[in-house]
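I have placed the structure first, in the form of C-alpha cells, so that the comments after it can refer back to it.
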Amino acid sequence: MDLYEYQGKQLFSRFGIPVSDGQVVDTPEEAREAAERLGAPVMVKAQVLTGGRGKAGGIKGPASPDEAEAHARAILGMDINGHVARRVWLERASDIEREYYCSITFDRGAKKTLVMLTTAGGIDIEEVASETPERIARVHVDPLTGFQPFHARRLCYAAGIPAEEMRQAADILARAYRAYVETDAMLVEINPLIVTPGGELRALDSKYTVDDNALYKHPDIAAMRDLEALDEQERMARERGVTYVKLDGTVGIIGNGAGLVMSTLDVVAGAGGTPANFLDVGGGAQADEIVTAMEVLLSDSKVRAVLFNVFGGITRCDEVARGVLTALERLDVEVPIVVRLDGTNDVEGRAILAEAAPPNLHVAETMLGAAEQVVALAGAS
Amino acid sequence: MAILVGADTRLVVQGITGREGSFHATRNRDYGTDVVAGVTPGKAGQEVNGIPVFDTVADAVRERGANTAMVFVPPRFAADAIYEAVDSGVGTVICITEGIPAHDMLQLYPYVRARGATLLGPNCPGALSPGAANVGIIPAQVFGHGRIGLVSRSGTLTYQIGKELADAGLGNSTIVGIGGDPIVGLSFIDVLERFEADPETDLVVMVGEIGGDEEEKAAAYIGEHMSTPVVAYIAGFQAPPGKTMGHAGAIISGSAGTAQAKKEALEGRGVRVGRSPTEAAQLAAEAFAQLG
C-alpha cells in the first residue's frame, strides 16, 4: 500500500525523522486557515500517489495565506498523470542549501535490505543513478545485525557527507531503518533530504510503501488506505477481493492468476483486439467471485465481448462454469462471452456449460482460439 | 533424476489437516509422491486419508524419514513452519502459502541459506517431476514426462505453457514455479543452474513476466554459464505502465522492468522469446528437434 506524502511524514514524525510543520486540508478555505496557523510562507502540495507532481503544476509556493487559498483552489481537482488531487498538504517553506537522497528498500536479487544515500538528490536522481552510479553509496543490511552505526558511517563517508552533518545524517538513516522494519515497509524514500542554510537536515518529501500482507499487524496504517482514490469499478473490485485494472479497449478479460491474465491481454492484442481491462479472480475462486468479477467488468460500458480464460490448478473449472452461468442469470448480460477452461475439473466444467448452452456463450478449445474468437465477436457486435 | 523433487522425495506436509492441505497432500500422494507424514500441532496420532499426522516436523523426520517439506499453513504462521522444517533437518522446503509478510521472508532467508537448505516459494505452485513426484498444486494431468525443464514465476501461466508443450508433443523433466513474492527462496538463476547440471534435462523453457530484473539477470547467467539451450516467454506487453513509487527500485536494477526490456535482454544473449505461449512452445519444439 502506497502512502501519501502527508501520511509518510506522519510516520516520519512518529519515528523522530525531522519534517517541516504542516497540515493536510481538502478545501481552499482550510488552506488559508492552515497557512495562517503555520504563520510563515507555505508550500502548497498536491497529494497524489504518483511522481512528477512538480512538473505538472501540483506544487506551488512559497505562499501567503491569500495565495495559499488560491493555489489550493487551483490544485484541488487537478488531474496529475491520471490521479485527481483531492487533498493538499501545506507546510512551512524551507530554505534549501543542498538536496540529498536516501532510501531503504528490498534488493530482490540479493534478498537483503539495501540502504542508499547520495548528496546528489532531487528530481534528477535516476539520471544520477545511470550516469554517475558511483555517487550513490549503497549498503546491504543483514537482518541478524540490523542497521548498526557502522552502516551509517560507511554510507556517509562513501557519499561524501560533510563531517559537520554526519551525526544528523546517521541519525536520520537509523530512524528511517527503524520505521522500515517496524512498519513492515517495502520502501522508505526521502527525496530530497534537504540541508538548510543553517546546516539542518530535514525530509522535504516522502515515498512510503507498506507491505499489504503485513497490514494485519498495523491497523493504524491499514486505516490510511484511501478507497476514494480508486475509480468506481476498482473500488468495487477491491471491496470484493478481485484485482481489476481498467484499460481502454473493448474486450473484457477475466482469468485466474496475474501471469495468465497478462498473457491473455497480450494474446488478445496479438489477435488484433484491444483489452478493456485486467481482471484476476485469484486462486481458488468460487462461483460468487466469478459473478462479482463479471459485474465489475460489465460496469464498463465500452466492453463489447468478454473472454474467460481459466486454467484450473487450485481453482476448479466446474466452480467457474457455475459462476459464469449464475452471472448470466443474475446480470443482464447482452455481450457475447467466450469461455476457455482447462486444468482441474475442466471436463466437468465444460459439460456444465454445454448442458445449459445459453445463446451468447461460446466455448473455445484453446487460448489462442479463444482470443481470435472474442476479437471477432467484439468487432462484429 | 530430474530436479528438486523425484523418486527419492519423502514428503511431510505441514498444515495437512486444513482444507487445502488435506486436498493437495492426498492428490500428491495419489499421483505417486511418497507422502510419508503430515504435521498439525495437537493432532498427532490422527490420519489424513491414510497419511499419519505428527505434532512436530522433528517427529516426522525421526519416525518417517521425511526429507522434503510442503508448507500449507496460513500466512501468519508460515515463517515459523519454514524455520521448524529447516531446524528439523529437512533439506528441501516448498512453501505454497500466499500472503506471507515480506519482512518475515527477509529475516528467514539467511537462516535457510546458512543451514544449507533449499527453499522454493513462498506463494508458488510447487514442483512436479512427471512420473516421479508432484509436490504442490500443479495440475499433473496437463504435463507429460520428457526432457524439457520448465521454470516460471507464475502459477497458471506455467500450466498454460505446459499444456502448449504437451500439445506440441513435448514432455517435461521438472516443472518449477518459483513464486512472485518480493523475497523468494530459489530464483531463476538457482533453478537454471540445477537444470544445467541435470542429465535428464536437454532444453529449458523460462517463463517470466514484467517487474523486477530477475529475467535480465537470468539472461546474463544463460549467456555466461549455460550450454543447455533456453527458450523464453515473457508476459505483460499490454500491461498498463505501473505507477512505481519512488526511484529506489529503478536505481537498484538499472532496468525498466518492462516486458520489452526483458525480451531484449534475453534475445541479446541468444535466447529466443515467443510472443504467445503457443509460439513459445513452437520455438521449444524447433529447438528440441535441432538437438537431434
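Residue names in the C-alpha cells use chain letters A, B, ... in the order shown, residue numbers from 1 in each chain, and ligand numbers from 1 in the order shown.
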
query = Could you pull the residues within 10 Å of Glu165 in chain A, counting only C-alpha atoms, minus those fewer than 3 positions along the same chain, as a list in words?
reply = Cys156, Ile161, Pro162, Gln168, Ala169, Ala170, Val195, Gly199, Glu200 and Leu201 of chain A

request  = Could you list, as a list in words, the residues of chain A having an atom within 6 Å of chain B when counting only C-alpha atoms?
outcome  =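 The contacting residues on chain A are Arg108, Lys111, Ala129, Pro143, Lys207, Asn213, Ala214, Gly257, Gly259, Leu260, Met262, Ser263, Asp266, Phe311 and Gly313 of chain A.
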
Please write the residues from the selection above to a file, keeping all heavy atoms, as an mmCIF file, in the first residue's frame.
```cif
data_model
loop_
_atom_site.group_PDB
_atom_site.id
_atom_site.type_symbol
_atom_site.label_atom_id
_atom_site.label_comp_id
_atom_site.auth_asym_id
_atom_site.auth_seq_id
_atom_site.Cartn_x
_atom_site.Cartn_y
_atom_site.Cartn_z
ATOM 1 N N ARG A 108 15.744 -7.347 -4.301
ATOM 2 C CA ARG A 108 15.183 -8.683 -4.539
ATOM 3 C C ARG A 108 16.257 -9.676 -4.941
ATOM 4 O O ARG A 108 16.213 -10.835 -4.563
ATOM 5 C CB ARG A 108 14.130 -8.628 -5.639
ATOM 6 C CG ARG A 108 12.904 -7.867 -5.218
ATOM 7 C CD ARG A 108 11.937 -7.694 -6.380
ATOM 8 N NE ARG A 108 10.818 -6.868 -5.968
ATOM 9 C CZ ARG A 108 9.540 -7.206 -6.119
ATOM 10 N NH1 ARG A 108 9.222 -8.332 -6.689
ATOM 11 N NH2 ARG A 108 8.581 -6.418 -5.720
ATOM 12 N N LYS A 111 18.288 -10.529 -2.010
ATOM 13 C CA LYS A 111 17.395 -10.988 -0.942
ATOM 14 C C LYS A 111 17.786 -10.354 0.385
ATOM 15 O O LYS A 111 17.818 -11.003 1.434
ATOM 16 C CB LYS A 111 17.384 -12.519 -0.848
ATOM 17 C CG LYS A 111 17.004 -13.204 -2.161
ATOM 18 C CD LYS A 111 16.953 -14.697 -2.026
ATOM 19 C CE LYS A 111 17.181 -15.450 -3.317
ATOM 20 N NZ LYS A 111 16.125 -15.333 -4.308
ATOM 21 N N ALA A 129 21.741 8.048 -11.127
ATOM 22 C CA ALA A 129 21.945 6.603 -10.988
ATOM 23 C C ALA A 129 22.501 5.990 -12.258
ATOM 24 O O ALA A 129 23.336 5.091 -12.218
ATOM 25 C CB ALA A 129 20.634 5.929 -10.610
ATOM 26 N N PRO A 143 19.660 -8.952 8.296
ATOM 27 C CA PRO A 143 18.633 -8.830 9.342
ATOM 28 C C PRO A 143 19.132 -9.299 10.711
ATOM 29 O O PRO A 143 18.571 -8.905 11.734
ATOM 30 C CB PRO A 143 17.488 -9.712 8.835
ATOM 31 C CG PRO A 143 18.075 -10.573 7.782
ATOM 32 C CD PRO A 143 19.238 -9.830 7.198
ATOM 33 N N LYS A 207 8.314 9.022 0.211
ATOM 34 C CA LYS A 207 7.698 7.945 -0.569
ATOM 35 C C LYS A 207 7.725 6.743 0.366
ATOM 36 O O LYS A 207 8.796 6.318 0.815
ATOM 37 C CB LYS A 207 8.510 7.638 -1.833
ATOM 38 C CG LYS A 207 8.484 8.754 -2.856
ATOM 39 C CD LYS A 207 7.214 8.707 -3.684
ATOM 40 C CE LYS A 207 7.256 9.699 -4.830
ATOM 41 N NZ LYS A 207 7.390 11.092 -4.400
ATOM 42 N N ASN A 213 0.594 -7.515 2.813
ATOM 43 C CA ASN A 213 0.489 -8.768 3.560
ATOM 44 C C ASN A 213 0.733 -8.596 5.052
ATOM 45 O O ASN A 213 0.489 -9.521 5.826
ATOM 46 C CB ASN A 213 1.489 -9.804 3.016
ATOM 47 C CG ASN A 213 1.116 -10.289 1.632
ATOM 48 O OD1 ASN A 213 -0.035 -10.190 1.238
ATOM 49 N ND2 ASN A 213 2.088 -10.800 0.902
ATOM 50 N N ALA A 214 1.291 -7.448 5.457
ATOM 51 C CA ALA A 214 1.610 -7.236 6.865
ATOM 52 C C ALA A 214 0.677 -6.221 7.517
ATOM 53 O O ALA A 214 0.839 -5.887 8.689
ATOM 54 C CB ALA A 214 3.065 -6.783 7.003
ATOM 55 N N GLY A 257 -4.960 -15.835 -11.931
ATOM 56 C CA GLY A 257 -3.503 -15.737 -11.850
ATOM 57 C C GLY A 257 -3.001 -14.569 -12.684
ATOM 58 O O GLY A 257 -3.375 -14.426 -13.861
ATOM 59 N N GLY A 259 -0.124 -13.820 -14.029
ATOM 60 C CA GLY A 259 0.688 -14.151 -15.202
ATOM 61 C C GLY A 259 -0.183 -14.551 -16.383
ATOM 62 O O GLY A 259 0.001 -14.076 -17.501
ATOM 63 N N LEU A 260 -1.152 -15.422 -16.116
ATOM 64 C CA LEU A 260 -2.032 -15.887 -17.194
ATOM 65 C C LEU A 260 -2.890 -14.739 -17.725
ATOM 66 O O LEU A 260 -3.108 -14.630 -18.928
ATOM 67 C CB LEU A 260 -2.921 -17.042 -16.705
ATOM 68 C CG LEU A 260 -3.837 -17.655 -17.764
ATOM 69 C CD1 LEU A 260 -3.029 -18.272 -18.910
ATOM 70 C CD2 LEU A 260 -4.759 -18.699 -17.155
ATOM 71 N N MET A 262 -2.142 -11.507 -17.704
ATOM 72 C CA MET A 262 -1.272 -10.634 -18.522
ATOM 73 C C MET A 262 -1.030 -11.251 -19.884
ATOM 74 O O MET A 262 -1.050 -10.576 -20.907
ATOM 75 C CB MET A 262 0.074 -10.425 -17.820
ATOM 76 C CG MET A 262 0.027 -9.361 -16.762
ATOM 77 S SD MET A 262 1.677 -8.864 -16.273
ATOM 78 C CE MET A 262 2.145 -10.189 -15.203
ATOM 79 N N SER A 263 -0.783 -12.557 -19.883
ATOM 80 C CA SER A 263 -0.535 -13.256 -21.138
ATOM 81 C C SER A 263 -1.771 -13.196 -22.032
ATOM 82 O O SER A 263 -1.663 -13.017 -23.248
ATOM 83 C CB SER A 263 -0.162 -14.709 -20.825
ATOM 84 O OG SER A 263 -0.011 -15.437 -22.000
ATOM 85 N N ASP A 266 -1.953 -9.954 -23.794
ATOM 86 C CA ASP A 266 -1.002 -9.925 -24.913
ATOM 87 C C ASP A 266 -1.543 -10.702 -26.112
ATOM 88 O O ASP A 266 -1.408 -10.255 -27.254
ATOM 89 C CB ASP A 266 0.343 -10.533 -24.479
ATOM 90 C CG ASP A 266 1.075 -9.668 -23.463
ATOM 91 O OD1 ASP A 266 0.676 -8.500 -23.273
ATOM 92 O OD2 ASP A 266 2.048 -10.165 -22.851
ATOM 93 N N PHE A 311 -7.291 -21.441 -16.196
ATOM 94 C CA PHE A 311 -6.550 -22.700 -16.142
ATOM 95 C C PHE A 311 -6.547 -23.148 -14.694
ATOM 96 O O PHE A 311 -5.900 -22.557 -13.849
ATOM 97 C CB PHE A 311 -5.115 -22.520 -16.659
ATOM 98 C CG PHE A 311 -4.595 -23.778 -17.291
ATOM 99 C CD1 PHE A 311 -4.199 -23.799 -18.608
ATOM 100 C CD2 PHE A 311 -4.533 -24.961 -16.561
ATOM 101 C CE1 PHE A 311 -3.745 -24.958 -19.206
ATOM 102 C CE2 PHE A 311 -4.085 -26.124 -17.150
ATOM 103 C CZ PHE A 311 -3.686 -26.130 -18.481
ATOM 104 N N GLY A 313 -5.833 -24.839 -11.335
ATOM 105 C CA GLY A 313 -4.877 -25.578 -10.513
ATOM 106 C C GLY A 313 -5.599 -25.762 -9.199
ATOM 107 O O GLY A 313 -6.327 -26.728 -8.979
#
```

Surrounding residues of Arg29 in chain B excluding itself and chain neighbours under 4 positions, 9 Å, only C-alpha atoms, as a ChimeraX atom specification = /B:24-25,33-36,51,133-135

task = Do a neighbour search on range 240-246 of chain A at 9 Å with only C-alpha atoms, toss out local chain neighbours closer than 6 positions, and write the hits as a ChimeraX atom specification.
result = /A:233-234,258,276-282,289,292-293,296-297,300 /B:240

request  = Give the strand (DSSP E or B) residues of range 20-254 of chain B, as DSSP finds them on the backbone, and put them as an MDAnalysis selection string.
outcome  = chainID B and resid 35:39 47:48 51:54 68:71 92:95 118:120 126:129 133:136 145:152 172:177 203:209 230:235

Mind writing the picked residues with C-alpha atoms as a CSV table (one decimal), in the first residue's frame?
```
chain,number,residue,atom,x,y,z
B,35,VAL,CA,3.9,-38.6,1.2
B,36,VAL,CA,5.3,-40.1,4.5
B,37,ALA,CA,3.7,-37.7,7.1
B,38,GLY,CA,1.7,-34.7,7.9
B,39,VAL,CA,2.1,-32.2,10.8
B,47,GLU,CA,-4.5,-39.9,9.9
B,48,VAL,CA,-5.5,-37.9,6.8
B,51,ILE,CA,-1.2,-40.4,5.9
B,52,PRO,CA,0.0,-40.4,9.6
B,53,VAL,CA,-0.1,-37.0,11.4
B,54,PHE,CA,2.6,-35.8,13.9
B,68,THR,CA,11.2,-32.6,2.0
B,69,ALA,CA,8.5,-30.4,3.5
B,70,MET,CA,5.5,-28.8,1.9
B,71,VAL,CA,4.1,-25.8,3.8
B,92,THR,CA,14.1,-29.0,0.7
B,93,VAL,CA,11.1,-26.8,1.8
B,94,ILE,CA,8.4,-26.0,-0.7
B,95,CYS,CA,6.1,-23.2,0.6
B,118,THR,CA,16.7,-25.2,-0.3
B,119,LEU,CA,13.6,-23.1,-0.2
B,120,LEU,CA,11.1,-22.9,-3.1
B,126,GLY,CA,5.5,-26.1,-6.2
B,127,ALA,CA,7.5,-28.5,-8.3
B,128,LEU,CA,6.5,-31.5,-10.4
B,129,SER,CA,8.7,-34.2,-11.9
B,133,ALA,CA,6.7,-36.8,-7.8
B,134,ASN,CA,4.4,-33.9,-7.5
B,135,VAL,CA,4.8,-31.5,-4.6
B,136,GLY,CA,2.3,-28.7,-4.6
B,145,HIS,CA,7.3,-36.9,-18.9
B,146,GLY,CA,10.0,-35.7,-21.1
B,147,ARG,CA,13.3,-33.8,-21.3
B,148,ILE,CA,12.3,-30.2,-21.1
B,149,GLY,CA,12.8,-28.2,-17.9
B,150,LEU,CA,10.2,-25.5,-17.2
B,151,VAL,CA,10.7,-22.7,-14.8
B,152,SER,CA,8.2,-19.9,-14.2
B,172,ASN,CA,9.0,-32.3,-19.0
B,173,SER,CA,11.8,-33.3,-16.7
B,174,THR,CA,10.7,-31.0,-13.9
B,175,ILE,CA,8.3,-28.0,-13.8
B,176,VAL,CA,9.2,-25.4,-11.1
B,177,GLY,CA,7.2,-22.4,-10.1
B,203,LEU,CA,16.2,-27.8,-23.0
B,204,VAL,CA,14.8,-25.2,-20.7
B,205,VAL,CA,11.7,-23.0,-21.1
B,206,MET,CA,11.8,-20.0,-18.9
B,207,VAL,CA,8.5,-18.1,-18.3
B,208,GLY,CA,8.9,-14.5,-17.0
B,209,GLU,CA,6.8,-11.5,-16.5
B,230,VAL,CA,16.9,-22.0,-23.3
B,231,VAL,CA,13.7,-20.7,-24.9
B,232,ALA,CA,11.6,-18.0,-23.1
B,233,TYR,CA,8.2,-16.4,-22.9
B,234,ILE,CA,7.5,-13.1,-21.2
B,235,ALA,CA,4.0,-11.9,-20.2
```

request  = Would you mind writing down, as a ChimeraX atom specification, each residue of range 160-372 of chain A that DSSP on the backbone assigns to helix (DSSP H, G or I)?
outcome  = /A:163-182,212-217,219-222,227-229,232-239,258-270,287-298,317-330,346-356,367-372

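For Gly255 in chain A, the non-local neighbours within 6 Å, defined as residues at least 5 positions apart in the same chain or in other chains and counting only C-alpha atoms, are Val261, Asp280, Phe308, Asn309 and Val310 of chain A.
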
ask   = What's the 9 Å shell around Ala66 in chain B, counting only C-alpha atoms, without same-chain residues fewer than 4 positions away, as a list of chain:residue names?
value = B:Thr9, B:Arg10, B:Leu11, B:Val12, B:Val35, B:Val36, B:Ala37, B:Val57, B:Ala60, B:Val61, B:Arg62, B:Val90

Write the residues of the preceding selection, restricted to all heavy atoms, as a tab-separated table (two decimals), in the first residue's frame.
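Dumped everything to part_3.tsv:
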```
chain	number	residue	atom	x	y	z
B	9	THR	N	12.09	-38.35	-3.01
B	9	THR	CA	11.38	-37.42	-2.13
B	9	THR	C	10.55	-38.18	-1.10
B	9	THR	O	9.77	-39.08	-1.43
B	9	THR	CB	10.44	-36.52	-2.98
B	9	THR	OG1	11.25	-35.72	-3.85
B	9	THR	CG2	9.58	-35.62	-2.10
B	10	ARG	N	10.75	-37.83	0.17
B	10	ARG	CA	9.90	-38.34	1.26
B	10	ARG	C	9.26	-37.12	1.92
B	10	ARG	O	9.90	-36.38	2.67
B	10	ARG	CB	10.72	-39.16	2.27
B	10	ARG	CG	11.25	-40.47	1.64
B	10	ARG	CD	12.11	-41.26	2.63
B	10	ARG	NE	11.34	-41.74	3.79
B	10	ARG	CZ	10.54	-42.81	3.79
B	10	ARG	NH1	10.37	-43.51	2.67
B	10	ARG	NH2	9.92	-43.18	4.88
B	11	LEU	N	8.00	-36.89	1.59
B	11	LEU	CA	7.36	-35.61	1.87
B	11	LEU	C	6.60	-35.57	3.19
B	11	LEU	O	5.83	-36.47	3.50
B	11	LEU	CB	6.39	-35.27	0.73
B	11	LEU	CG	5.74	-33.88	0.79
B	11	LEU	CD1	6.77	-32.78	0.55
B	11	LEU	CD2	4.62	-33.78	-0.26
B	12	VAL	N	6.83	-34.49	3.96
B	12	VAL	CA	5.98	-34.18	5.10
B	12	VAL	C	5.19	-32.92	4.77
B	12	VAL	O	5.75	-31.95	4.25
B	12	VAL	CB	6.79	-34.00	6.41
B	12	VAL	CG1	7.92	-32.99	6.26
B	12	VAL	CG2	5.88	-33.58	7.56
B	35	VAL	N	4.33	-39.48	0.15
B	35	VAL	CA	3.92	-38.59	1.23
B	35	VAL	C	3.97	-39.40	2.52
B	35	VAL	O	3.09	-40.23	2.78
B	35	VAL	CB	2.51	-38.02	0.99
B	35	VAL	CG1	2.14	-37.04	2.12
B	35	VAL	CG2	2.43	-37.31	-0.35
B	36	VAL	N	5.02	-39.17	3.33
B	36	VAL	CA	5.25	-40.05	4.48
B	36	VAL	C	4.60	-39.55	5.76
B	36	VAL	O	4.42	-40.33	6.70
B	36	VAL	CB	6.77	-40.28	4.73
B	36	VAL	CG1	7.40	-40.97	3.52
B	36	VAL	CG2	7.48	-38.96	5.03
B	37	ALA	N	4.28	-38.25	5.82
B	37	ALA	CA	3.74	-37.72	7.07
B	37	ALA	C	3.05	-36.39	6.86
B	37	ALA	O	3.27	-35.70	5.86
B	37	ALA	CB	4.86	-37.55	8.09
B	57	VAL	N	7.57	-31.40	13.14
B	57	VAL	CA	8.30	-31.87	11.97
B	57	VAL	C	9.43	-32.80	12.42
B	57	VAL	O	9.72	-33.81	11.77
B	57	VAL	CB	8.87	-30.68	11.16
B	57	VAL	CG1	9.69	-31.17	9.97
B	57	VAL	CG2	7.73	-29.78	10.67
B	60	ALA	N	8.22	-36.21	12.59
B	60	ALA	CA	8.01	-36.76	11.25
B	60	ALA	C	9.33	-37.19	10.61
B	60	ALA	O	9.40	-38.19	9.91
B	60	ALA	CB	7.31	-35.74	10.36
B	61	VAL	N	10.38	-36.41	10.89
B	61	VAL	CA	11.70	-36.75	10.35
B	61	VAL	C	12.21	-38.02	11.03
B	61	VAL	O	12.69	-38.96	10.39
B	61	VAL	CB	12.69	-35.58	10.54
B	61	VAL	CG1	14.12	-36.01	10.22
B	61	VAL	CG2	12.27	-34.40	9.67
B	62	ARG	N	12.09	-38.05	12.36
B	62	ARG	CA	12.62	-39.19	13.12
B	62	ARG	C	11.83	-40.47	12.81
B	62	ARG	O	12.41	-41.53	12.56
B	62	ARG	CB	12.56	-38.89	14.61
B	62	ARG	CG	13.34	-39.89	15.48
B	62	ARG	CD	13.35	-39.49	16.94
B	62	ARG	NE	12.00	-39.24	17.44
B	62	ARG	CZ	11.54	-38.05	17.82
B	62	ARG	NH1	12.34	-36.99	17.81
B	62	ARG	NH2	10.30	-37.90	18.24
B	90	VAL	N	15.19	-30.94	7.52
B	90	VAL	CA	14.61	-31.15	6.19
B	90	VAL	C	15.44	-30.36	5.17
B	90	VAL	O	15.70	-29.18	5.39
B	90	VAL	CB	13.14	-30.70	6.17
B	90	VAL	CG1	12.60	-30.65	4.76
B	90	VAL	CG2	12.30	-31.62	7.04
```

message = At a cut-off of 6 Å, using only C-alpha atoms, what residues contact Leu193 in chain A? Leave out same-chain residues fewer than 3 positions from it and give the result as a VMD selection string.
response = chain A and resid 99 to 101 190 202 to 204

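Counting only C-alpha atoms, the residue from A:Met1, A:Val291, A:Ile123, A:Ile96 that sits nearest to Ala185 in chain A is A:Met1.
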
ask   = If you measure from CA of Glu215 in chain B to CA of Phe188 in chain B, what distance in Å do you get, rounded to one decimal?
value =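 Atom-to-atom, CA of Glu215 in chain B to CA of Phe188 in chain B, that is 7.4 Å.
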